[in-house]
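Participant: Got a file for you: final.txt, compact mmCIF, C-alpha atoms.
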# COMPACT_ATOMS: atom_id res chain seq x y z
CA MET A 181 65.94 -4.96 55.43
CA LEU A 182 67.61 -4.13 58.73
CA VAL A 183 70.81 -3.10 56.97
CA PHE A 184 68.79 -0.94 54.57
CA ASP A 185 67.10 0.72 57.55
CA LEU A 186 70.42 1.35 59.26
CA VAL A 187 72.22 2.76 56.22
CA GLY A 188 69.28 4.58 54.65
CA HIS A 189 67.50 6.12 57.61
CA VAL A 190 69.33 5.98 60.92
CA ARG A 191 72.89 6.69 59.80
CA THR A 192 72.10 10.42 59.75
CA PRO A 193 70.19 11.30 62.96
CA HIS A 194 66.93 13.14 62.25
CA ALA A 195 63.38 13.38 63.52
CA PRO A 196 61.16 11.70 60.87
CA THR A 197 58.19 13.65 59.58
CA LEU A 198 54.67 12.27 59.72
CA ARG A 199 54.72 11.80 55.95
CA GLU A 200 58.00 9.86 56.05
CA SER A 201 56.74 7.61 58.86
CA ALA A 202 53.44 6.94 57.08
CA MET A 203 55.14 6.12 53.78
CA TRP A 204 57.64 3.66 55.26
CA SER A 205 55.03 2.09 57.58
CA ALA A 206 52.81 1.45 54.55
CA LEU A 207 55.78 -0.01 52.66
CA TYR A 208 56.66 -2.46 55.45
CA VAL A 209 53.03 -3.54 55.88
CA GLY A 210 52.79 -3.94 52.11
CA ILE A 211 55.89 -6.16 52.00
CA ALA A 212 54.47 -8.29 54.83
CA ILE A 213 51.19 -8.69 52.92
CA VAL A 214 52.99 -9.59 49.67
CA PHE A 215 54.96 -12.22 51.61
CA GLY A 216 51.66 -13.70 52.82
CA PHE A 217 50.34 -13.94 49.25
CA LEU A 218 53.58 -15.61 48.17
CA VAL A 219 53.00 -18.21 50.90
CA TRP A 220 49.44 -18.64 49.59
CA TRP A 221 50.66 -19.04 46.01
CA GLY A 222 53.44 -21.49 46.89
CA TRP A 223 52.01 -23.53 49.77
CA GLY A 224 48.26 -22.97 49.86
CA ALA A 225 45.64 -20.93 51.71
CA GLY A 226 46.07 -22.90 54.96
CA PHE A 227 49.63 -21.78 55.61
CA ALA A 228 48.86 -18.28 54.34
CA GLY A 229 45.98 -18.03 56.81
CA GLU A 230 48.27 -19.12 59.64
CA TYR A 231 50.83 -16.49 58.65
CA PHE A 232 48.29 -13.66 58.39
CA ALA A 233 46.70 -14.58 61.74
CA GLY A 234 50.14 -14.64 63.34
CA TYR A 235 51.22 -11.39 61.71
CA VAL A 236 48.07 -9.50 62.73
CA THR A 237 48.39 -10.78 66.30
CA GLU A 238 52.09 -9.89 66.57
CA LYS A 239 51.47 -6.46 65.03
CA SER A 240 48.70 -5.80 67.56
CA LEU A 241 50.93 -6.80 70.45
CA SER A 242 53.67 -4.58 69.01
CA VAL A 243 51.34 -1.57 69.12
CA ASP A 244 50.76 -2.30 72.80
CA ASN A 245 54.53 -2.44 73.29
CA LEU A 246 54.83 1.07 71.89
CA PHE A 247 53.26 2.42 75.08
CA VAL A 248 56.27 1.17 77.03
CA PHE A 249 58.67 2.51 74.39
CA VAL A 250 57.12 5.97 74.80
CA LEU A 251 57.65 5.76 78.57
CA ILE A 252 61.27 4.66 78.13
CA MET A 253 62.02 7.48 75.70
CA ALA A 254 60.50 9.99 78.11
CA ALA A 255 62.24 8.50 81.18
CA PHE A 256 65.67 8.75 79.54
CA GLY A 257 64.96 12.08 77.84
CA VAL A 258 66.07 10.70 74.46
CA PRO A 259 66.17 13.56 71.89
CA ARG A 260 63.64 12.96 69.12
CA GLU A 261 66.29 12.92 66.41
CA LEU A 262 68.07 10.04 68.19
CA GLN A 263 65.00 7.92 68.93
CA GLN A 264 65.15 6.16 65.54
CA LYS A 265 68.60 4.75 66.29
CA VAL A 266 67.59 3.52 69.75
CA LEU A 267 64.51 1.80 68.35
CA LEU A 268 66.32 0.17 65.42
CA PHE A 269 69.20 -1.23 67.47
CA GLY A 270 66.83 -2.33 70.24
CA ILE A 271 64.55 -4.06 67.75
CA THR A 272 67.51 -5.78 66.05
CA PHE A 273 68.71 -7.07 69.42
CA ALA A 274 65.20 -8.25 70.30
CA LEU A 275 64.75 -10.03 66.96
CA ALA A 276 68.00 -11.94 67.46
CA LEU A 277 66.94 -13.13 70.92
CA ARG A 278 63.39 -13.89 69.79
CA THR A 279 64.86 -16.12 67.09
CA VAL A 280 66.53 -18.15 69.85
CA PHE A 281 63.23 -18.35 71.75
CA ILE A 282 61.40 -19.49 68.60
CA VAL A 283 63.91 -22.25 67.88
CA VAL A 284 63.78 -23.45 71.51
CA GLY A 285 59.98 -23.28 71.51
CA ALA A 286 59.74 -25.24 68.26
CA ALA A 287 62.07 -27.93 69.60
CA ALA A 288 60.04 -28.18 72.82
CA ILE A 289 56.76 -28.50 70.89
CA ALA A 290 58.24 -31.19 68.63
CA ASN A 291 59.33 -33.30 71.60
CA PHE A 292 56.84 -32.53 74.39
CA SER A 293 53.14 -32.16 73.60
CA TRP A 294 52.45 -30.89 77.13
CA VAL A 295 54.21 -27.63 76.22
CA PHE A 296 50.88 -26.54 74.69
CA TYR A 297 49.35 -26.67 78.18
CA LEU A 298 52.16 -24.40 79.43
CA PHE A 299 51.80 -21.93 76.55
CA GLY A 300 48.03 -21.88 77.00
CA ALA A 301 48.34 -21.20 80.72
CA ILE A 302 50.82 -18.34 80.09
CA LEU A 303 48.45 -16.69 77.60
CA ILE A 304 45.35 -17.06 79.77
CA TYR A 305 47.22 -15.59 82.74
CA THR A 306 48.57 -12.74 80.60
CA ALA A 307 45.06 -12.07 79.26
CA TRP A 308 43.74 -11.87 82.82
CA MET A 309 46.47 -9.41 83.81
CA GLN A 310 45.82 -7.29 80.70
CA ALA A 311 42.10 -7.11 81.42
CA ARG A 312 42.72 -6.42 85.09
CA SER A 313 45.09 -3.53 84.42
CA GLY A 314 42.68 -2.01 81.93
CA GLY A 315 45.28 0.37 80.59
CA HIS A 316 48.90 1.39 80.66
CA GLU A 317 51.19 2.68 83.33
CA ASP A 318 51.79 6.38 83.76
CA GLU A 319 55.22 7.83 83.14
CA ASP A 320 55.90 8.00 86.87
CA ASP A 321 55.19 4.27 87.19
CA TYR A 322 57.97 3.15 84.83
CA LYS A 323 60.30 0.73 86.59
CA GLU A 324 63.72 -0.29 85.34
CA ASN A 325 64.28 -4.04 84.94
CA ALA A 326 67.08 -6.03 86.55
CA VAL A 327 69.33 -5.93 83.46
CA LEU A 328 69.10 -2.15 83.31
CA ARG A 329 69.78 -1.73 87.02
CA PHE A 330 72.84 -3.98 86.70
CA ALA A 331 74.14 -1.95 83.74
CA ARG A 332 73.76 1.30 85.64
CA LYS A 333 75.48 -0.09 88.72
CA ARG A 334 78.37 -1.97 87.12
CA LEU A 335 79.16 0.07 84.00
CA ARG A 336 80.55 3.56 83.68
CA THR A 337 77.97 5.92 82.20
CA THR A 338 77.78 9.62 81.41
CA ASP A 339 74.96 11.93 82.39
CA GLU A 340 74.71 13.73 79.05
CA TYR A 341 74.20 12.65 75.44
CA HIS A 342 77.11 12.85 72.97
CA SER A 343 75.30 13.13 69.63
CA ASP A 344 74.37 9.59 68.46
CA ARG A 345 77.41 7.88 70.00
CA MET A 346 76.91 4.83 72.20
CA THR A 347 80.25 5.20 73.98
CA VAL A 348 82.61 8.10 74.61
CA LYS A 349 86.17 8.32 75.92
CA LEU A 350 86.69 10.79 78.77
CA ASP A 351 89.95 11.24 80.68
CA GLY A 352 91.31 8.08 79.07
CA LYS A 353 88.35 5.94 80.18
CA ARG A 354 85.51 4.53 78.09
CA PHE A 355 81.95 5.43 79.19
CA LEU A 356 78.52 4.39 77.99
CA THR A 357 76.24 7.26 76.99
CA PRO A 358 72.56 7.50 78.01
CA LEU A 359 71.75 6.46 74.43
CA ALA A 360 73.32 3.05 75.05
CA ILE A 361 71.43 2.66 78.33
CA ALA A 362 68.15 3.54 76.58
CA LEU A 363 69.01 0.93 73.94
CA ILE A 364 69.45 -1.70 76.66
CA ALA A 365 66.09 -0.69 78.12
CA ILE A 366 64.31 -1.02 74.74
CA GLY A 367 65.96 -4.35 73.92
CA THR A 368 65.32 -6.02 77.27
CA ALA A 369 61.75 -4.71 77.37
CA ASP A 370 61.05 -6.25 73.97
CA VAL A 371 62.49 -9.58 75.10
CA ILE A 372 60.09 -9.51 78.06
CA PHE A 373 57.24 -8.89 75.62
CA ALA A 374 58.20 -12.12 73.86
CA VAL A 375 56.92 -14.07 76.88
CA ASP A 376 53.37 -13.65 75.59
CA SER A 377 53.94 -13.03 71.88
CA ILE A 378 55.90 -16.22 71.15
CA PRO A 379 53.34 -18.58 72.79
CA ALA A 380 50.57 -16.59 71.08
CA ILE A 381 51.86 -17.19 67.58
CA PHE A 382 52.66 -20.85 68.29
CA GLY A 383 48.96 -21.10 69.11
CA LEU A 384 48.20 -20.08 65.52
CA THR A 385 50.89 -21.97 63.61
CA GLN A 386 53.56 -24.54 64.44
CA GLU A 387 55.54 -23.81 61.28
CA THR A 388 58.78 -22.39 62.68
CA PHE A 389 59.57 -20.33 59.58
CA LEU A 390 56.11 -18.68 59.62
CA VAL A 391 56.51 -17.96 63.34
CA PHE A 392 59.83 -16.24 62.64
CA ALA A 393 58.52 -14.38 59.57
CA ALA A 394 55.48 -12.99 61.41
CA ASN A 395 57.68 -11.83 64.30
CA ALA A 396 60.27 -10.32 61.96
CA PHE A 397 57.76 -8.35 59.89
CA SER A 398 55.94 -7.08 62.97
CA LEU A 399 59.22 -5.84 64.48
CA LEU A 400 60.73 -4.42 61.27
CA GLY A 401 57.99 -1.84 60.86
CA LEU A 402 57.80 -1.00 64.55
CA ARG A 403 60.23 1.93 64.36
CA GLN A 404 58.20 3.75 61.71
CA LEU A 405 54.94 2.89 63.49
CA PHE A 406 56.29 4.47 66.69
CA PHE A 407 56.59 7.88 65.04
CA LEU A 408 53.38 7.49 63.04
CA ILE A 409 51.02 6.82 65.95
CA ASP A 410 53.04 8.46 68.74
CA GLY A 411 50.29 11.05 69.19
CA LEU A 412 47.45 8.56 68.76
CA LEU A 413 48.42 5.97 71.39
CA ASP A 414 46.46 7.68 74.15
CA ARG A 415 43.29 7.33 72.08
CA LEU A 416 43.42 3.52 72.11
CA VAL A 417 41.91 3.38 75.60
CA TYR A 418 40.45 -0.11 75.16
CA LEU A 419 43.50 -1.70 73.51
CA SER A 420 44.42 -3.69 76.63
CA TYR A 421 40.95 -5.22 76.77
CA GLY A 422 41.09 -6.13 73.08
CA LEU A 423 44.49 -7.77 73.48
CA ALA A 424 43.21 -9.59 76.56
CA VAL A 425 40.41 -11.09 74.46
CA ILE A 426 42.85 -12.14 71.72
CA LEU A 427 45.41 -13.65 74.12
CA GLY A 428 42.68 -15.40 76.12
CA PHE A 429 41.14 -16.81 72.93
CA ILE A 430 44.49 -18.14 71.69
CA GLY A 431 45.24 -19.51 75.17
CA VAL A 432 41.99 -21.50 75.18
CA LYS A 433 42.74 -22.62 71.61
CA LEU A 434 46.13 -23.92 72.78
CA VAL A 435 44.62 -25.80 75.71
CA ILE A 436 42.07 -27.44 73.35
CA HIS A 437 44.91 -28.42 71.02
CA ALA A 438 46.87 -29.78 73.99
CA LEU A 439 43.88 -31.94 74.95
CA HIS A 440 43.75 -33.34 71.42
CA GLU A 441 47.47 -34.17 71.64
CA ASN A 442 47.32 -35.19 75.30
CA GLU A 443 49.90 -37.68 76.59
CA LEU A 444 49.86 -36.76 80.29
CA PRO A 445 48.88 -39.85 82.30
CA PHE A 446 46.88 -37.91 84.92
CA ILE A 447 44.57 -36.42 82.23
CA ASN A 448 42.13 -38.96 80.79
CA GLY A 449 44.63 -41.74 81.45
CA GLY A 450 47.05 -40.37 78.89
CA GLU A 451 44.49 -40.63 76.08
CA HIS A 452 43.54 -37.86 73.67
CA VAL A 453 40.54 -35.70 74.61
CA THR A 454 38.61 -34.78 71.47
CA VAL A 455 35.21 -33.83 72.90
CA ILE A 456 35.79 -30.15 72.08
CA PRO A 457 36.63 -29.60 68.38
CA GLU A 458 39.75 -27.61 67.55
CA VAL A 459 39.37 -24.02 66.39
CA SER A 460 40.15 -23.56 62.68
CA ILE A 461 42.60 -20.92 61.50
CA THR A 462 39.78 -19.18 59.61
CA VAL A 463 37.77 -18.74 62.80
CA SER A 464 40.91 -17.58 64.63
CA LEU A 465 41.67 -14.92 62.01
CA LEU A 466 38.06 -13.66 62.02
CA VAL A 467 38.00 -13.44 65.84
CA ILE A 468 41.32 -11.53 65.91
CA LEU A 469 40.27 -9.06 63.20
CA ALA A 470 36.79 -8.52 64.67
CA THR A 471 38.24 -7.90 68.14
CA LEU A 472 40.70 -5.32 66.80
CA VAL A 473 38.00 -3.50 64.81
CA VAL A 474 35.61 -3.36 67.78
CA THR A 475 38.42 -2.26 70.11
CA THR A 476 39.56 0.56 67.81
CA VAL A 477 36.04 1.86 67.09
CA ALA A 478 35.05 1.71 70.76
CA SER A 479 38.27 3.49 71.80
CA LEU A 480 37.80 6.35 69.35
CA TRP A 481 34.12 6.72 70.31
CA ARG A 482 35.01 6.81 74.01
CA VAL A 483 37.65 9.51 73.52
CA ARG A 484 35.29 11.62 71.43
CA HIS A 485 32.47 11.20 73.97
CA ASP A 486 34.72 12.11 76.91
CA ARG A 487 35.97 15.25 75.18
CA ARG A 488 32.42 16.34 74.41
CA GLU A 489 31.30 15.73 78.00
CA HIS A 490 34.30 17.66 79.29
CA LEU A 491 33.48 20.58 77.00
CA VAL A 492 29.83 20.60 78.11
CA ALA A 493 30.89 20.52 81.77
CA GLU A 494 33.25 23.47 81.27
CA VAL A 495 30.57 25.53 79.51
CA ALA A 496 27.94 24.66 82.12
CA ALA A 497 30.28 25.66 84.92
CA ALA A 498 31.06 28.96 83.23
CA ASP A 499 27.43 29.87 82.30
CA PRO A 500 24.71 27.45 83.52
CA THR A 501 21.90 29.49 81.91
CA SER A 502 23.34 28.98 78.43
CA LEU A 503 22.16 25.37 78.23
CA SER A 504 18.44 26.16 77.93
CA ALA A 505 16.53 24.20 75.35
CA GLY A 506 16.04 25.54 71.86
CA GLU A 507 19.03 27.85 71.87
CA GLU A 508 22.40 27.52 70.21
CA THR A 509 24.71 26.62 73.08
CA PRO A 510 28.32 27.72 73.47
CA VAL A 511 29.19 24.07 72.87
CA ASP A 512 27.74 24.32 69.35
CA SER A 513 29.58 27.58 68.78
CA LEU A 514 32.86 26.12 70.04
CA ARG A 515 32.44 23.02 67.92
CA ALA A 516 31.73 25.13 64.81
CA SER A 517 34.74 27.28 65.64
CA SER A 518 36.90 24.18 66.12
CA GLU A 519 35.81 22.77 62.76
CA SER A 520 36.54 26.12 61.12
CA ASP A 521 40.00 26.17 62.71
CA THR A 522 40.60 22.62 61.48
CA ASP A 523 39.65 23.61 57.94
CA ARG A 524 41.99 26.61 58.09
CA ALA A 525 44.80 24.42 59.46
CA GLY A 526 44.28 22.00 56.59
CA SER A 527 44.52 24.85 54.12
CA VAL A 528 47.72 26.11 55.74
CA SER A 529 49.17 22.59 55.74
CA ALA A 530 48.33 22.18 52.05
CA ALA A 531 49.96 25.50 51.25
CA ASN A 532 53.05 24.59 53.33
CA PRO A 533 53.74 20.86 52.77
CA GLY A 534 57.10 21.08 54.55
CA ARG A 535 55.51 22.03 57.86
CA ARG A 536 55.43 19.31 60.52
CA GLU A 537 52.25 18.76 62.48
CA HIS A 538 51.47 16.53 65.47
Here is a file; write its structure as structure tokens.
Facilitator:
Amino acid sequence: MLVFDLVGHVRTPHAPTLRESAMWSALYVGIAIVFGFLVWWGWGAGFAGEYFAGYVTEKSLSVDNLFVFVLIMAAFGVPRELQQKVLLFGITFALALRTVFIVVGAAAIANFSWVFYLFGAILIYTAWMQARSGGHEDEDDYKENAVLRFARKRLRTTDEYHSDRMTVKLDGKRFLTPLAIALIAIGTADVIFAVDSIPAIFGLTQETFLVFAANAFSLLGLRQLFFLIDGLLDRLVYLSYGLAVILGFIGVKLVIHALHENELPFINGGEHVTVIPEVSITVSLLVILATLVVTTVASLWRVRHDRREHLVAEVAAADPTSLSAGEETPVDSLRASSESDTDRAGSVSAANPGRREH
């Protein structure tokens, strides 16, 4: 699938249209869902439920990661037609390193039951930090990581882009282009994201292949999703809180599982602690889905409410007497005008299907 993406979409640099992004995003999600039903058909509903819970969680965390990708693209001034290539190569690099993390994590879980305590603690701490931040950093707050700073300092780089080339030869010397540096930024950022995503999915399934599959499918469609919801990211104002709930829930679930598998001598004398029942995968999936639905609905309502309040404030400041009871206010007129404009725009879009809209 990665090779198909590289040859079929990224080989010729172009800025994907909204229709193209929507079509391919739906295709990748569809393939991921079909894979889940194949697991159900071949190995039962239990494993299928673990896969779907892991996939939904990883996909949700991937959406959160897109905020950082937007900041990186803006910070490096990556031309829109080249962003696909940066994302695909960065995601490929991240998937390769995540595979290593998954294998190491699976080996650790198989040999040391106390690893569940560690994973649970990481997720609970991450959930606290997500809830505390309550949002995403502004563009001015983007900080380069240590790997990126090292690359800038030790490697020869150019200041300008050279089409979609990663390196260029100038005066007999080989230089990295800003595209390569942006790729390093995307790849290392996604590896950092794995610090919470890998423990999260191990909290839902310990089947190494399902852990890998859920991660792979969530990453494979990330490039198309970036262009599809690029303009909608700012509307998900409560996403951090929703992810905090999900990560915190899985963290607690991991700690409960660790207590059931407990072998640490300073906890209950090394005996298992089974007072609190383990959380079933069905309950986990329902909690994850319900949290995402509530988060999305609340975010969209908040954005709509804020826009309306801002419009009312502007009208009131311009003409305070226009808000008297029983009269059609300028707000109503503006809203009607806006809806009329939207209808006209839809008609124009239908008449000109080739036109791109944001």
Participant: With only C-alpha atoms as the counted atoms, please give the residues lying no more than 10 Å from Arg482 (chain A), apart from itself and same-chain residues fewer than 4 positions off, as a list in words.
Facilitator: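 The contact residues come out as Arg415, Leu416, Val417, Tyr418, Thr476, Val477, Ala478, Asp486, Arg487 and Arg488 of chain A.
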Participant: Using only C-alpha atoms, pick whichever of A:Ala274, A:Val219, A:Leu439, A:Ile447 has the shortest atom-to-atom distance to Ile372 (chain A).
Facilitator: A:Ala274
Participant: Within 10 Å of (78.9, 5.8, 79.5), all atoms listed in the file: residues as a list of chain:residue names?
Facilitator: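 Collected hits near the coordinates: A:Arg332, A:Leu335, A:Arg336, A:Thr337, A:Thr338, A:Asp339, A:Glu340, A:Tyr341, A:His342, A:Arg345, A:Met346, A:Thr347, A:Val348, A:Lys349, A:Leu350, A:Lys353, A:Arg354, A:Phe355, A:Leu356, A:Thr357, A:Pro358, A:Leu359, A:Ala360, A:Ile361.
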Participant: Nearest to Leu298 (chain A) among A:Ala470, A:Ala254, A:Ala380, A:Ile461, with distances taken over all atoms listed in the file: which residue is it?
Facilitator: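 Ranking A:Ala470, A:Ala254, A:Ala380, A:Ile461 by distance to Leu298 (chain A), first place goes to A:Ala380.
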Participant: For a test of reading the model, state the distance in Å between CA of Glu200 (chain A) and CA of Gln263 (chain A), rounded to one decimal.
Facilitator: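 CA of Gln263 (chain A) lies at a distance of 14.8 Å from CA of Glu200 (chain A).
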Participant: Looking at A:Leu303, A:Val453, A:Ala233, A:Ala369, which one is nearest to Gly428 (chain A), with distances taken over all atoms listed in the file?
Facilitator: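 Nearest candidate to Gly428 (chain A) out of A:Leu303, A:Val453, A:Ala233, A:Ala369: A:Leu303.
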Participant: Do you have the CA of Glu261 (chain A)-CA of Ser343 (chain A) distance handy?
Facilitator: 9.6 Å
Participant: For Ile430 (chain A), please output as number ranges by chain all residues within 6 Å (counting all atoms listed in the file; exclusion window: fewer than 3 positions along the same chain).
Facilitator: A: 383, 427, 433
Participant: Using Å and a single decimal, report how far CA of Val236 (chain A) sits from CA of Leu469 (chain A).
Facilitator: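 Between CA of Leu469 (chain A) and CA of Val236 (chain A) the gap is 7.8 Å.
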Participant: Hey, which of A:Leu363, A:Phe232, A:Leu444, A:His485 ends up closest to Val258 (chain A)? Count all atoms listed in the file.
Facilitator: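 Closest residue, counting all atoms listed in the file: A:Leu363.
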Participant: For a quick check of your reading of the model, name the residues lying within 12 Å of the coordinate (63.9, 6.6, 65.7), counting only C-alpha atoms, and write them as a short mmCIF file (atom, residue, chain, number, x, y, z; two decimals) with C-alpha atoms, in the frame of the given file.
Facilitator:
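Written file, out_3.cif:
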data_model
loop_
_atom_site.label_atom_id
_atom_site.label_comp_id
_atom_site.auth_asym_id
_atom_site.auth_seq_id
_atom_site.Cartn_x
_atom_site.Cartn_y
_atom_site.Cartn_z
CA ASP A 185 67.10 0.72 57.55
CA LEU A 186 70.42 1.35 59.26
CA HIS A 189 67.50 6.12 57.61
CA VAL A 190 69.33 5.98 60.92
CA ARG A 191 72.89 6.69 59.80
CA THR A 192 72.10 10.42 59.75
CA PRO A 193 70.19 11.30 62.96
CA HIS A 194 66.93 13.14 62.25
CA ALA A 195 63.38 13.38 63.52
CA PRO A 196 61.16 11.70 60.87
CA THR A 197 58.19 13.65 59.58
CA GLU A 200 58.00 9.86 56.05
CA SER A 201 56.74 7.61 58.86
CA PHE A 249 58.67 2.51 74.39
CA VAL A 250 57.12 5.97 74.80
CA MET A 253 62.02 7.48 75.70
CA VAL A 258 66.07 10.70 74.46
CA PRO A 259 66.17 13.56 71.89
CA ARG A 260 63.64 12.96 69.12
CA GLU A 261 66.29 12.92 66.41
CA LEU A 262 68.07 10.04 68.19
CA GLN A 263 65.00 7.92 68.93
CA GLN A 264 65.15 6.16 65.54
CA LYS A 265 68.60 4.75 66.29
CA VAL A 266 67.59 3.52 69.75
CA LEU A 267 64.51 1.80 68.35
CA LEU A 268 66.32 0.17 65.42
CA PHE A 269 69.20 -1.23 67.47
CA GLY A 270 66.83 -2.33 70.24
CA ILE A 271 64.55 -4.06 67.75
CA ASP A 344 74.37 9.59 68.46
CA LEU A 359 71.75 6.46 74.43
CA LEU A 363 69.01 0.93 73.94
CA ILE A 366 64.31 -1.02 74.74
CA GLY A 401 57.99 -1.84 60.86
CA LEU A 402 57.80 -1.00 64.55
CA ARG A 403 60.23 1.93 64.36
CA GLN A 404 58.20 3.75 61.71
CA LEU A 405 54.94 2.89 63.49
CA PHE A 406 56.29 4.47 66.69
CA PHE A 407 56.59 7.88 65.04
CA LEU A 408 53.38 7.49 63.04
CA ASP A 410 53.04 8.46 68.74
#
Participant: Using all atoms listed in the file, can you tell me which of A:Ile426, A:Val371, A:Val280, A:Ile289 comes closest to Thr471 (chain A)?
Facilitator: A:Ile426
Participant: For a quick check of understanding, using all atoms listed in the file, which of A:Asn395, A:Gln386, A:Thr475, A:Ser460 has the smallest distance to Ala290 (chain A)?
Facilitator: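 Using all atoms listed in the file, the shortest distance to Ala290 (chain A) belongs to A:Gln386.
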Participant: Might I get the box with edges along x, y and z of the file that holds all atoms of region 447-464 of chain A listed there, padded by 6 Å on every side, given as centre and edge lengths in Å to one decimal, as JSON?
Facilitator:
{"center_x": 41.1, "center_y": -29.7, "center_z": 70.9, "size_x": 23.8, "size_y": 36.2, "size_z": 34.6}
Participant: Need to verify the contact set: Ser293 (chain A), 9 Å, only C-alpha atoms, exclusion of same-chain residues closer than 4 positions in sequence. Can you return it as a PyMOL selection string?
Facilitator: chain A and resi 288-289+297+438+441-444
Participant: What would the file look like if the residues just selected were written as a PDB file, in the coordinates of the input with C-alpha atoms?
Facilitator:
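That gives us again.pdb:
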ATOM      1  CA  ALA A 288      60.040 -28.180  72.820  1.00  0.00           C
ATOM      2  CA  ILE A 289      56.760 -28.500  70.890  1.00  0.00           C
ATOM      3  CA  TYR A 297      49.350 -26.670  78.180  1.00  0.00           C
ATOM      4  CA  ALA A 438      46.870 -29.780  73.990  1.00  0.00           C
ATOM      5  CA  GLU A 441      47.470 -34.170  71.640  1.00  0.00           C
ATOM      6  CA  ASN A 442      47.320 -35.190  75.300  1.00  0.00           C
ATOM      7  CA  GLU A 443      49.900 -37.680  76.590  1.00  0.00           C
ATOM      8  CA  LEU A 444      49.860 -36.760  80.290  1.00  0.00           C
TER       9      LEU A 444
END
